[in-house]
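Peer 1: File name model34.txt; file contents compact mmCIF, C-alpha atoms; full text below.
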# COMPACT_ATOMS: atom_id res chain seq x y z
CA MET A 185 76.19 130.54 116.03
CA ASN A 186 79.56 128.78 116.04
CA ILE A 187 80.54 126.25 113.35
CA THR A 188 83.74 124.21 113.30
CA VAL A 189 85.16 123.52 109.86
CA LYS A 190 87.70 120.71 109.44
CA PHE A 191 89.79 120.64 106.28
CA PHE A 192 91.42 117.54 104.84
CA ALA A 193 94.07 116.77 102.22
CA THR A 194 94.70 119.63 99.76
CA PHE A 195 92.13 121.83 101.52
CA ARG A 196 94.74 122.17 104.28
CA ARG A 197 97.09 124.03 101.97
CA GLY A 198 97.17 127.67 102.99
CA ARG A 199 94.61 127.05 105.76
CA GLU A 200 94.57 125.87 109.33
CA LYS A 201 93.42 122.25 109.76
CA ILE A 202 90.45 123.40 111.84
CA VAL A 203 88.74 126.78 112.02
CA ASN A 204 85.84 128.05 114.11
CA ILE A 205 83.59 130.57 112.44
CA GLU A 206 80.64 132.65 113.56
CA VAL A 207 77.65 132.59 111.22
CA GLU A 208 74.09 133.81 111.52
CA ARG A 209 71.46 131.44 112.85
CA GLY A 210 69.81 129.54 109.97
CA SER A 211 72.95 129.47 107.82
CA THR A 212 73.45 126.63 105.37
CA VAL A 213 76.50 124.59 104.47
CA LYS A 214 76.79 126.61 101.24
CA GLU A 215 77.09 129.85 103.18
CA VAL A 216 79.93 128.42 105.23
CA LEU A 217 81.68 127.22 102.05
CA ASP A 218 81.48 130.75 100.68
CA ILE A 219 83.17 132.08 103.81
CA VAL A 220 86.01 129.54 103.65
CA LYS A 221 86.27 130.07 99.88
CA ILE A 222 85.77 126.49 98.71
CA GLU A 223 83.73 125.84 95.57
CA VAL A 224 81.07 123.13 95.70
CA ASP A 225 82.60 121.18 92.82
CA GLU A 226 85.98 121.02 94.58
CA ILE A 227 84.43 118.85 97.30
CA ALA A 228 84.21 115.07 97.05
CA ILE A 229 83.01 114.28 100.57
CA LEU A 230 81.11 116.62 102.86
CA LEU A 231 80.24 115.57 106.37
CA VAL A 232 78.16 117.35 108.99
CA ASN A 233 78.99 116.01 112.44
CA GLY A 234 80.67 112.99 110.85
CA ARG A 235 77.66 112.09 108.71
CA ASP A 236 77.00 112.62 105.03
CA GLY A 237 75.80 116.20 104.54
CA THR A 238 74.35 118.32 101.72
CA ILE A 239 75.08 121.80 100.40
CA ALA A 240 71.63 123.11 101.27
CA GLN A 241 71.62 121.64 104.77
CA LEU A 242 70.79 124.02 107.61
CA LEU A 243 73.40 124.10 110.30
CA ASN A 244 72.97 124.26 114.06
CA ASP A 245 75.13 125.94 116.65
CA GLY A 246 78.12 123.72 117.44
CA ASP A 247 77.98 121.70 114.21
CA THR A 248 81.19 120.42 112.65
CA LEU A 249 81.65 120.49 108.91
CA SER A 250 84.34 118.19 107.42
CA LEU A 251 85.49 118.78 103.84
CA PHE A 252 87.46 116.37 101.64
CA PRO A 253 88.62 116.92 98.06
CA PRO A 254 88.60 113.94 95.68
CA VAL A 255 91.46 111.50 96.29
CA GLY A 256 91.88 109.09 93.41
CA GLY A 257 95.57 108.51 92.87
CA GLY A 258 97.56 105.42 93.52
CA MET B 245 97.49 66.97 99.28
CA LEU B 246 100.92 68.16 100.40
CA ASN B 247 103.67 65.58 101.03
CA SER B 248 105.35 65.76 104.43
CA ASN B 249 108.27 67.95 103.29
CA ALA B 250 105.96 70.37 101.55
CA ASN B 251 103.68 70.31 104.57
CA THR B 252 106.55 71.22 106.88
CA ARG B 253 107.63 74.05 104.59
CA HIS B 254 104.03 75.26 104.41
CA ASN B 255 103.70 75.24 108.20
CA ILE B 256 106.99 77.11 108.62
CA ARG B 257 106.29 79.66 105.89
CA TYR B 258 102.96 80.65 107.42
CA SER B 259 103.87 79.91 111.05
CA ARG B 260 103.66 83.56 112.16
CA GLN B 261 100.09 83.71 110.90
CA ILE B 262 98.89 80.21 111.80
CA ILE B 263 99.95 80.79 115.41
CA MET B 264 97.62 83.79 115.62
CA ASP B 265 94.19 83.24 117.15
CA GLU B 266 92.73 85.35 114.34
CA ILE B 267 94.08 83.07 111.58
CA GLY B 268 94.97 79.53 112.70
CA LYS B 269 95.13 76.57 110.28
CA GLU B 270 91.53 77.12 109.22
CA GLY B 271 92.14 80.75 108.33
CA GLN B 272 95.28 79.85 106.42
CA GLU B 273 93.27 77.35 104.37
CA LYS B 274 90.66 80.05 103.65
CA LEU B 275 93.44 82.29 102.37
CA PHE B 276 94.72 79.52 100.13
CA GLN B 277 91.25 78.96 98.66
CA ALA B 278 90.65 82.67 97.97
CA LYS B 279 90.85 84.36 94.57
CA VAL B 280 91.78 88.04 94.65
CA LEU B 281 92.09 90.39 91.68
CA VAL B 282 94.34 93.42 92.15
CA VAL B 283 93.51 96.11 89.59
CA GLY B 284 96.56 98.31 89.20
CA ALA B 285 100.15 97.28 89.91
CA GLY B 286 101.46 100.71 90.88
CA GLY B 287 102.00 102.46 94.21
CA LEU B 288 99.04 100.78 95.92
CA GLY B 289 99.19 97.51 93.98
CA CYS B 290 102.80 96.77 94.97
CA PRO B 291 102.24 96.57 98.74
CA VAL B 292 98.86 94.87 98.26
CA LEU B 293 100.40 92.18 96.04
CA THR B 294 103.46 91.72 98.23
CA TYR B 295 101.45 91.14 101.38
CA LEU B 296 98.75 88.98 99.78
CA VAL B 297 101.28 86.74 98.05
CA GLY B 298 103.39 86.56 101.20
CA ALA B 299 100.32 85.67 103.27
CA GLY B 300 99.51 82.77 100.96
CA VAL B 301 96.34 83.90 99.19
CA GLY B 302 95.95 81.01 96.74
CA THR B 303 95.10 82.76 93.48
CA ILE B 304 95.93 86.32 92.57
CA GLY B 305 95.20 88.19 89.36
CA ILE B 306 97.10 91.35 88.42
CA VAL B 307 95.68 93.86 85.93
CA ASP B 308 97.82 96.69 84.54
CA PHE B 309 98.38 97.83 80.97
CA ASP B 310 101.42 99.94 81.76
CA SER B 311 105.19 99.40 81.70
CA VAL B 312 107.60 100.19 84.51
CA GLY B 313 108.92 103.76 84.37
CA LEU B 314 111.86 105.28 86.20
CA SER B 315 109.54 107.69 88.06
CA ASN B 316 107.63 104.69 89.47
CA LEU B 317 110.53 103.41 91.52
CA ASN B 318 110.18 105.76 94.52
CA ARG B 319 107.08 103.81 95.55
CA GLN B 320 106.47 100.75 93.38
CA THR B 321 108.51 98.34 95.41
CA LEU B 322 108.08 95.24 93.26
CA TYR B 323 110.29 96.74 90.54
CA ARG B 324 114.00 97.34 90.13
CA THR B 325 115.86 99.78 87.87
CA GLU B 326 116.55 96.94 85.43
CA ASP B 327 112.77 96.45 85.04
CA VAL B 328 112.24 99.87 83.47
CA GLY B 329 110.44 99.33 80.16
CA LYS B 330 109.10 95.89 81.12
CA LYS B 331 105.37 95.27 81.37
CA LYS B 332 104.41 95.79 85.01
CA VAL B 333 102.40 92.59 85.24
CA GLN B 334 105.38 90.58 83.98
CA ALA B 335 107.92 92.28 86.27
CA ALA B 336 105.54 92.00 89.24
CA LYS B 337 104.95 88.31 88.61
CA GLU B 338 108.69 87.62 88.38
CA THR B 339 109.23 89.16 91.83
CA LEU B 340 106.15 87.61 93.40
CA VAL B 341 106.90 84.08 92.18
CA LYS B 342 110.29 84.33 93.92
CA LEU B 343 108.52 85.42 97.09
CA ASN B 344 106.02 82.55 97.16
CA GLU B 345 105.67 79.88 94.52
CA ASP B 346 102.61 78.38 96.27
CA VAL B 347 100.49 81.18 94.82
CA THR B 348 98.93 80.99 91.37
CA ILE B 349 99.47 84.36 89.70
CA ASN B 350 97.46 85.32 86.63
CA THR B 351 98.40 88.46 84.69
CA TYR B 352 96.32 90.70 82.44
CA SER B 353 98.24 93.38 80.57
CA VAL B 354 95.16 95.34 79.52
CA ARG B 355 93.59 98.73 80.22
CA ILE B 356 90.22 98.16 81.87
CA ASP B 357 87.19 99.34 79.90
CA VAL B 358 83.44 98.72 79.64
CA ASP B 359 84.03 95.79 77.31
CA ASN B 360 86.52 93.81 79.40
CA ILE B 361 85.95 94.69 83.05
CA GLU B 362 83.14 92.21 83.74
CA GLU B 363 85.09 89.35 82.18
CA LEU B 364 88.18 90.29 84.20
CA ILE B 365 86.49 90.32 87.60
CA LYS B 366 84.17 87.37 86.96
CA GLU B 367 86.53 84.62 88.16
CA TYR B 368 87.56 86.39 91.37
CA ASP B 369 85.84 86.67 94.76
CA PHE B 370 87.54 89.81 95.99
CA ILE B 371 88.63 92.86 94.02
CA VAL B 372 91.23 95.42 95.11
CA ASP B 373 91.04 98.92 93.62
CA ALA B 374 94.67 99.96 93.28
CA LEU B 375 94.02 102.31 90.37
CA ASP B 376 95.40 105.78 89.86
CA ASN B 377 92.49 107.66 88.29
CA PHE B 378 88.80 108.32 88.79
CA SER B 379 87.68 107.20 85.33
CA ALA B 380 88.82 103.66 86.04
CA ARG B 381 87.72 103.76 89.70
CA TYR B 382 84.09 104.48 88.84
CA LEU B 383 84.10 101.81 86.14
CA LEU B 384 85.54 99.21 88.52
CA SER B 385 83.27 100.08 91.44
CA ASP B 386 80.17 100.00 89.21
CA ALA B 387 81.23 96.63 87.75
CA CYS B 388 81.78 95.22 91.25
CA TYR B 389 78.34 96.43 92.27
CA PHE B 390 76.67 94.76 89.28
CA GLN B 391 78.57 91.49 89.79
CA LYS B 392 78.21 91.63 93.59
CA LYS B 393 81.95 91.46 94.26
CA ILE B 394 83.51 92.75 97.47
CA LEU B 395 85.65 95.78 96.64
CA PHE B 396 88.61 97.03 98.67
CA GLU B 397 89.03 100.72 97.93
CA GLY B 398 92.18 102.72 98.46
CA ALA B 399 93.52 105.98 97.07
CA ALA B 400 96.59 108.11 97.76
CA VAL B 401 98.33 111.24 96.55
CA SER B 402 100.93 113.53 98.00
CA THR B 403 101.06 112.80 101.75
CA TYR B 404 97.54 111.49 102.34
CA GLY B 405 95.17 108.70 101.39
CA THR B 406 91.87 106.98 102.09
CA ALA B 407 90.57 103.41 102.32
CA THR B 408 87.20 101.72 102.69
CA THR B 409 85.65 98.31 102.03
CA ILE B 410 82.45 97.82 100.05
CA VAL B 411 80.06 94.85 100.09
CA PRO B 412 77.35 95.35 97.44
CA ASP B 413 73.84 95.78 98.90
CA VAL B 414 75.20 95.37 102.43
CA THR B 415 77.43 98.40 102.97
CA PRO B 416 77.20 101.82 101.31
CA CYS B 417 78.82 101.78 97.88
CA TYR B 418 81.44 104.07 96.33
CA ARG B 419 78.71 106.22 94.80
CA CYS B 420 76.89 106.60 98.14
CA LEU B 421 79.91 108.62 99.21
CA GLN B 422 80.84 110.23 95.90
CA PRO B 423 77.77 109.91 93.61
CA VAL B 424 79.34 111.33 90.48
CA PRO B 425 82.93 111.55 89.29
CA PRO B 426 84.73 114.82 90.00
CA ALA B 427 84.73 117.50 87.33
CA ASP B 428 87.65 117.84 84.95
CA GLY B 429 90.65 119.68 86.35
CA ILE B 430 89.62 119.36 90.01
CA THR B 431 91.49 116.21 90.91
CA PRO B 432 95.21 116.19 91.44
CA SER B 433 96.86 112.96 90.33
CA CYS B 434 100.18 111.58 91.58
CA SER B 435 101.90 113.05 88.53
CA ASP B 436 100.29 116.45 89.24
CA ILE B 437 101.27 116.87 92.88
CA GLY B 438 103.49 113.89 93.56
CA VAL B 439 103.24 111.09 96.07
CA LEU B 440 105.53 109.62 98.69
CA GLY B 441 106.11 105.88 98.58
CA MET B 442 105.40 105.60 102.29
CA ILE B 443 101.87 106.92 101.74
CA THR B 444 100.92 104.37 99.07
CA GLY B 445 102.67 101.84 101.33
CA VAL B 446 100.40 102.71 104.28
CA ILE B 447 97.19 102.73 102.23
CA GLY B 448 98.09 99.59 100.27
CA SER B 449 98.92 97.83 103.54
CA ILE B 450 95.52 98.82 104.94
CA GLN B 451 93.85 97.43 101.81
CA ALA B 452 95.77 94.14 102.08
CA LEU B 453 94.88 93.89 105.77
CA GLU B 454 91.21 94.41 104.91
CA VAL B 455 91.38 91.62 102.31
CA ILE B 456 92.87 89.19 104.83
CA LYS B 457 90.32 90.17 107.50
CA VAL B 458 87.37 89.67 105.17
CA ILE B 459 88.63 86.37 103.71
CA VAL B 460 89.41 84.85 107.11
CA GLY B 461 86.56 86.56 108.93
CA PHE B 462 88.10 88.37 111.86
CA GLY B 463 88.16 91.91 113.20
CA LYS B 464 85.98 94.77 112.07
CA PRO B 465 86.40 95.56 108.38
CA LEU B 466 85.94 99.08 107.03
CA TYR B 467 82.28 98.51 106.23
CA GLY B 468 80.51 101.87 106.03
CA ARG B 469 83.67 103.48 107.34
CA MET B 470 86.43 105.33 105.60
CA VAL B 471 89.85 105.91 107.07
CA TYR B 472 91.78 109.01 106.15
CA PHE B 473 95.54 108.96 106.65
CA ASP B 474 97.55 112.16 106.61
CA GLY B 475 101.30 111.61 106.70
CA ASN B 476 102.02 115.31 107.14
CA PHE B 477 100.36 115.38 110.53
CA LEU B 478 100.57 111.62 111.18
CA GLU B 479 96.83 111.42 111.62
CA LEU B 480 94.61 108.42 111.08
CA GLN B 481 90.97 109.44 111.25
CA GLU B 482 87.87 107.40 110.69
CA PHE B 483 84.41 108.47 109.68
CA GLU B 484 81.23 106.55 109.13
CA TYR B 485 79.04 106.91 106.08
CA GLU B 486 75.67 105.46 105.26
CA LYS B 487 73.83 104.03 102.29
CA THR B 488 72.21 106.88 100.39
CA GLU B 489 68.57 106.44 99.48
CA ASN B 490 69.04 108.29 96.20
CA CYS B 491 72.36 106.65 95.32
CA PRO B 492 72.40 106.41 91.49
CA ILE B 493 73.46 102.77 91.56
CA CYS B 494 72.41 101.10 94.84
CA GLY B 495 69.60 103.48 95.87
CA LYS B 496 65.83 102.92 95.71
CA ASN B 497 65.50 104.24 92.16
CA PRO B 498 68.83 103.64 90.46
CA THR B 499 69.60 105.63 87.33
CA ILE B 500 72.74 103.72 86.41
CA LEU B 501 71.66 100.36 85.09
CA GLU B 502 74.68 99.48 83.03
CA LEU B 503 78.38 100.29 82.90
CA GLU B 504 79.43 103.75 81.79
CA GLN B 505 82.89 104.88 80.78
CA TYR B 506 84.12 108.25 81.98
CA GLU B 507 86.96 110.42 80.79
CA ILE B 508 87.98 112.66 83.68
CA LYS B 509 90.95 114.88 83.21
CA CYS B 510 93.31 115.60 86.07
CA LYS B 511 94.83 119.04 86.65
CA MET B 512 98.00 118.40 84.67
CA LYS B 513 96.11 117.20 81.60
CA ILE B 514 94.05 120.37 81.59
CA VAL B 515 97.20 122.47 81.85
CA ASP B 516 98.83 120.44 79.04
CA LYS B 517 95.94 121.26 76.74
CA GLU B 518 96.06 124.97 77.34
Write out the structure in this file as structure tokens.
Peer 2:
Amino acid sequence: MNITVKFFATFRRGREKIVNIEVERGSTVKEVLDIVKIEVDEIAILLVNGRDGTIAQLLNDGDTLSLFPPVGGG
Amino acid sequence: MLNSNANTRHNIRYSRQIIMDEIGKEGQEKLFQAKVLVVGAGGLGCPVLTYLVGAGVGTIGIVDFDSVGLSNLNRQTLYRTEDVGKKKVQAAKETLVKLNEDVTINTYSVRIDVDNIEELIKEYDFIVDALDNFSARYLLSDACYFQKKILFEGAAVSTYGTATTIVPDVTPCYRCLQPVPPADGITPSCSDIGVLGMITGVIGSIQALEVIKVIVGFGKPLYGRMVYFDGNFLELQEFEYEKTENCPICGKNPTILELEQYEIKCKMKIVDKE
């Protein structure tokens, strides 16, 4: 199945802003993170289809995963 | 009661706002009656303070323990080179009083901690998070939750930033989105990876706009919504987020029942230690 991954802020460094990846049916968010090489504790906000998501969440074909690192400066 | 000269000056000073359907005389009076505390007088605090004082918010508190440094001046627009070394709250007040003497400005040259934060926010209706680190952000957002204060969140580094507005028990809280502080060494601070003044300017302006909207009661505030601004790509994106049932502070079974102090180290501090 096809998953769109959107990267934000520092996650865009050395990556495209958006990538489409093919994963096996029944894959979780964690499995996608492994493919894009982002550690769980690097992520502050994780959205699946624009809504709060979890690491263990099962993904469906066509889902969009959005990943934000912590932003706390000012 | 203003005498007629003062009344004329007042009407001229705020004429560009009073003429707006969204504000009017009633809205301007609401602004004058409001008490806003701005925590942090740095990159975000400077535009927030400038616009709130200019708009005629009646009482403004400024909290910052720090002094003006030369490396602040690319973005902290309330300060001049001659202010380097001065306490930020003092230098900020000097500039802001010249901008609008109608506004009462209270200054607090302290570092926020578990012992003083509740006392600091107590007298204010609206709190602006213009801080530069997660340790203080979690402390402030928790304190605002416990005291039921509306919190205007904003954060910026490098070429991007975020903003959202939090009403305790009504909207999702800061911990609904980010339940626990980030681990040591994960978070880049402005001193780690830099920041452009235009970015803190954009995010601080969004925060100030949110304050005005909520005080006066117009538009659609960032309740349960976060905006992400990326100056590199000139993108402004919005996403919705919801209250989390297992949120450690506003969820069904909260585990945080009192203020906690965190010490979270940014990347540079980790490197310094090694």
Peer 1: Using all atoms listed in the file, I'd like every residue of chain A that has an atom within 12 Å of chain B; please write them out as a PyMOL selection string.
Peer 2: chain A and resi 190-197+201+222-238+250-258
Peer 1: Compile the contact shell of Asn350 of chain B as a ChimeraX atom specification: residues with an atom at most 7 Å away, counting only C-alpha atoms, same-chain residues fewer than 2 positions apart removed.
Peer 2: /B:304-306,348,352
Peer 1: Using Å and a single decimal, report how far atom CA of Leu440 of chain B sits from atom CA of Leu314 of chain B.
Peer 2: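 For atom CA of Leu314 of chain B relative to atom CA of Leu440 of chain B, the distance reads 14.7 Å.
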Peer 1: When you look at Lys274 of chain B with a cut-off of 8 Å (counting only C-alpha atoms), what residues show up, excluding the ones that are within fewer than 4 positions of it in the same chain? I need them as a list in words.
Peer 2: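 Contacts, with the query itself left out: Glu270, Ala278, Ile459 and Val460 of chain B.
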Peer 1: Of the residues A:Met185, A:Lys221, A:Arg199, A:Ile205, which is the one nearest to Leu242 of chain A, using all atoms listed in the file?
Peer 2: A:Met185
Peer 1: May I ask for the distance between atom CA of Val372 of chain B and atom CA of Ser315 of chain B, given in Å to one decimal place?
Peer 2: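 Distance reported for this atom pair: 23.1 Å.
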Peer 1: Which residue, B:Tyr323, B:Tyr467, B:Tyr506, B:Tyr295, has the smallest gap to Glu338 of chain B when you use only C-alpha atoms?
Peer 2: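 Going through B:Tyr323, B:Tyr467, B:Tyr506, B:Tyr295 one by one, the smallest distance to Glu338 of chain B is for B:Tyr323.
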Peer 1: Using all atoms listed in the file, find the one residue out of A:Asp245, A:Ile239, A:Ile219, A:Asn186 that sits nearest to Glu206 of chain A.
Peer 2: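 Nearest candidate to Glu206 of chain A out of A:Asp245, A:Ile239, A:Ile219, A:Asn186: A:Asn186.
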Peer 1: Just need the box for segment 189-200 of chain A, edges along x, y and z, holding every atom the file lists for it with 3 Å tacked onto each side, so centre and edge lengths in Å to one decimal, as lines of an AutoDock Vina configuration file.
Peer 2:
center_x = 91.2
center_y = 122.2
center_z = 104.8
size_x = 18.0
size_y = 16.9
size_z = 16.1
Peer 1: Give me, please, the distance in Å between atom CA of Phe309 of chain B and atom CA of Leu383 of chain B, quoted to one decimal.
Peer 2: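 Separation between atom CA of Phe309 of chain B and atom CA of Leu383 of chain B: 15.7 Å.
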Peer 1: I'd like the contact shell of Gln241 of chain A - 9 Å cut-off, all atoms listed in the file, skipping same-chain residues fewer than 5 positions apart - returned as a list in words.
Peer 2: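 Once the adjacent positions are removed, what remains is Ser211, Thr212, Val213, Lys214 and Val232 of chain A.
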Peer 1: Pull C-alpha atoms from the residues just selected and write them as a tab-separated table (two decimals), in the coordinates of the input.
Peer 2:
chain	number	residue	atom	x	y	z
A	211	SER	CA	72.95	129.47	107.82
A	212	THR	CA	73.45	126.63	105.37
A	213	VAL	CA	76.50	124.59	104.47
A	214	LYS	CA	76.79	126.61	101.24
A	232	VAL	CA	78.16	117.35	108.99
